[in-house]
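Reviewing the structure listed below.
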Amino acid sequence: MVEALLAVIRAQQDRIVEFEETVQRLCGEIAMLKGQKPRPQIAPSRLEQPPPRPPLAEGQKRPGSQKRPKNAQLTITQEIRIPFPDPPAGSVSKGYEEYFVQELVMRAETTRYLRERIVTADGQSLLAPLPADVLPGQHFGPSLISHILHQYHNNHVTQPLLQDELAQHGITISAGQINHLLTEDKEIFHEEKAELLPAGLASARYIQVDDTGARHQGKNGYCTQVGNEWFAYFASADSKSRLNFLEVLRGEHRDYVINEVAVAYWQKYALSKALIASLSEGPTHFVDAAAWNARLQTLGISGSRLVRITTEGALLGSLIAQGVSPDLVVLSDGAGQFTILVHAACWVHAERPLARMIPHNEEHRLAIERVRQQIGELYQDLKRYRQQPQPAQVPVLTARFEALCAQRTVYPSINNVLHEMHEHQADLLRVLSRPEVPLHNNASESDIRDYVKKRKISGSTRSDDGRRCRDTFASLKKTCRKLGIRFWDYLQDRVRGLGQVPRLAEVIRQRAAESTAGKAEAVPA
């Protein structure tokens, strides 16, 4: 009876903890709606913490403290020789010593062009053309436009602060003009952003994905991030469903395709053989949503679940028809909308519930600590396997994972976490068959964190052009950083129309090809 009562008390305590977490989450949402800061929830993971540094030997310097030739990286814009003033009689020159001074020159320049107007013999009135460095139809120079774009999208400076900063430098510009420069006539950037996704997917063996809230016009929305080590792509929408995720992956394509991949998807979700046969008979390519919906109506498919699953399959078929590999690994935090193609789960997210768990007594605390230590040791071994894959280690690591998840502790909440991990065993152990896939989704969260900063500063977008530009410049900026291209140089090149910085999609394909060739050379024949 005592043991039964203790079990009831433990179950009630677990429920209380769940209720407390729910109340805390709701309080945070209420605080955000009131414009207040919610209570931060910090649940650090020990899986990716760097190992402690070994003690330094006597006379040994701390790693990274050695002096580096920083001046060798400088670009010299001018060189001034300074002779010694009034040298004493008999002095002999021994050459010059270097002394570097870096300076940033920021000043307002206003040029008044006096354009001559002439009247030709046949009565035509002609005006002298402007110099080539003056942008057509613009009363602001390319460096000023690049500065506004860089400050807003890279440094998260708001429009009012931008206007104030420019006024301090002597630039007269209205709030409406700043908004125009930030959101209008940006097709060259939108077109280049649209090239990133197909280039990244075509050359990728895996992608990392995540999403976050993105309010628009006072309503809740979501932004989906897709990327890997070579690119980052952001797309906002009103939903974060699997349908939306598949539409994001399609990019600019709008077709629906029935092929083997679509049929396999329908079979996975247990659609009837008769329904699959009806869908497979007749046309297999539909140019847009209207044509696809007309096909569904013709077949009498109207239930919400059937419409959703059939549409998801056709979207997946369209994605594969574009050339995306069916073996593409999608690494995510485990959210259901991302479980398509070959899915891999993040170990940090799998272990995070244990870090947040509140023990009820010392026995529970020790159980949490023991299981977290076991997970950490297995994780480190998986990292070593990823660096040097050895097929003989696959059954050993798999058995250790199964033994870890099969154990039962005195704390039912731990058992629930272990059961959840066992349910996703294939996703968590994806690295054993695909060593190129990371064990965690930290890179994706890092990409999207910059987006979250801007959301917290600006609140939400108000116009469709503003939301589109927010996604476009976030994609371009993050991709430039991953490719080692300075975002300022990229903006200057595109605003001026120079074309000296190559298209980012071309650089993505080049880097991916170089990486593949390097790995092929590293594999012994």
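Here, A, B, ... name the chains of the structure tokens in the order displayed, residue numbers run from 1 inside each chain, and ligands are numbered from 1 in the same displayed order.
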Could you make a table, as CSV, of the residues of stretch 419-522 of chain A that have an atom within 8 Å of an atom of stretch 145-149 of chain A, each with its nearest atom pair and distance in Å to one decimal, counting only C-alpha atoms, in chain and number order?
```
residue,atom,partner,partner_atom,distance
A:Trp488,CA,A:Ser146,CA,7.3
A:Leu491,CA,A:Ser146,CA,5.7
A:Gln492,CA,A:Ser146,CA,5.8
A:Val495,CA,A:Ser146,CA,6.8
```
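Using only C-alpha atoms, the residues found no farther than 9 Å from stretch 101-114 of chain A, other than those of its own chain fewer than 3 positions away, are Leu74, Ala128, Leu130, Leu166, His169, Gly170 and Ile171 of chain A.
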Written file, previous selection with C-alpha atoms, as a PDB file, in the first residue's frame:
```
ATOM      1  CA  LEU A  74      45.632  45.121 -44.060  1.00  0.00           C
ATOM      2  CA  ALA A 128      23.559  65.971 -71.004  1.00  0.00           C
ATOM      3  CA  LEU A 130      24.766  61.886 -65.915  1.00  0.00           C
ATOM      4  CA  LEU A 166      22.188  60.113 -41.260  1.00  0.00           C
ATOM      5  CA  HIS A 169      26.234  63.118 -40.749  1.00  0.00           C
ATOM      6  CA  GLY A 170      24.447  65.903 -42.635  1.00  0.00           C
ATOM      7  CA  ILE A 171      22.267  63.737 -44.917  1.00  0.00           C
TER       8      ILE A 171
END
```
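Remark: for A:Ile301, the closest of the candidate residues A:Ala121, A:Leu316, A:Ile276, A:Leu504 is A:Ile276 (distances computed over only C-alpha atoms).
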So that I can see what lies close to stretch 181-188 of chain A, please list as a PyMOL selection string the residues with an atom at most 9 Å from it, counting only C-alpha atoms and leaving out residues fewer than 2 positions away in the same chain. chain A and resi 145+148-149+152+176-179+190-193+465-470+494
Of A:Gln217, A:Gln124, A:Gln73, A:Asn293, the one sitting nearest A:Phe100 when using only C-alpha atoms is A:Gln73
Using only C-alpha atoms, can you tell me which of A:Phe19, A:Phe234, A:Tyr96, A:Phe338 comes closest to A:Leu197? A:Phe234
Going by DSSP on the backbone, which residues of stretch 160-395 of chain A come out as strand (DSSP E)? List them as number ranges by chain. A: 206-213, 222-227, 232-237, 256-257, 285-286, 329-332, 342-345
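Remark: for A:Pro353, the closest of the candidate residues A:His285, A:Glu21, A:Leu243, A:Cys480 is A:Glu21 (distances computed over only C-alpha atoms).
Counting from atom CA of A:Gly317, the distance to atom CA of A:Tyr256 is 7.0 Å.
Reported to one decimal place, the separation of atom CA of A:Phe401 from atom CA of A:Leu429 is 8.6 Å.
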Looking only at alpha helix (DSSP H) from DSSP on the backbone, list the matching residues of stretch 204-417 of chain A as number ranges by chain. A: 242-250, 260-268, 273-280, 289-298, 304-321, 347-356, 362-387, 393-406, 412-417
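Residues in contact with A:Gly313 at up to 8 Å, not including ones fewer than 4 positions away on its chain and judged by only C-alpha atoms, are Ile258, Val261, Ala262, Val263, Tyr265, Trp266, Ile309 and Gly317 of chain A.
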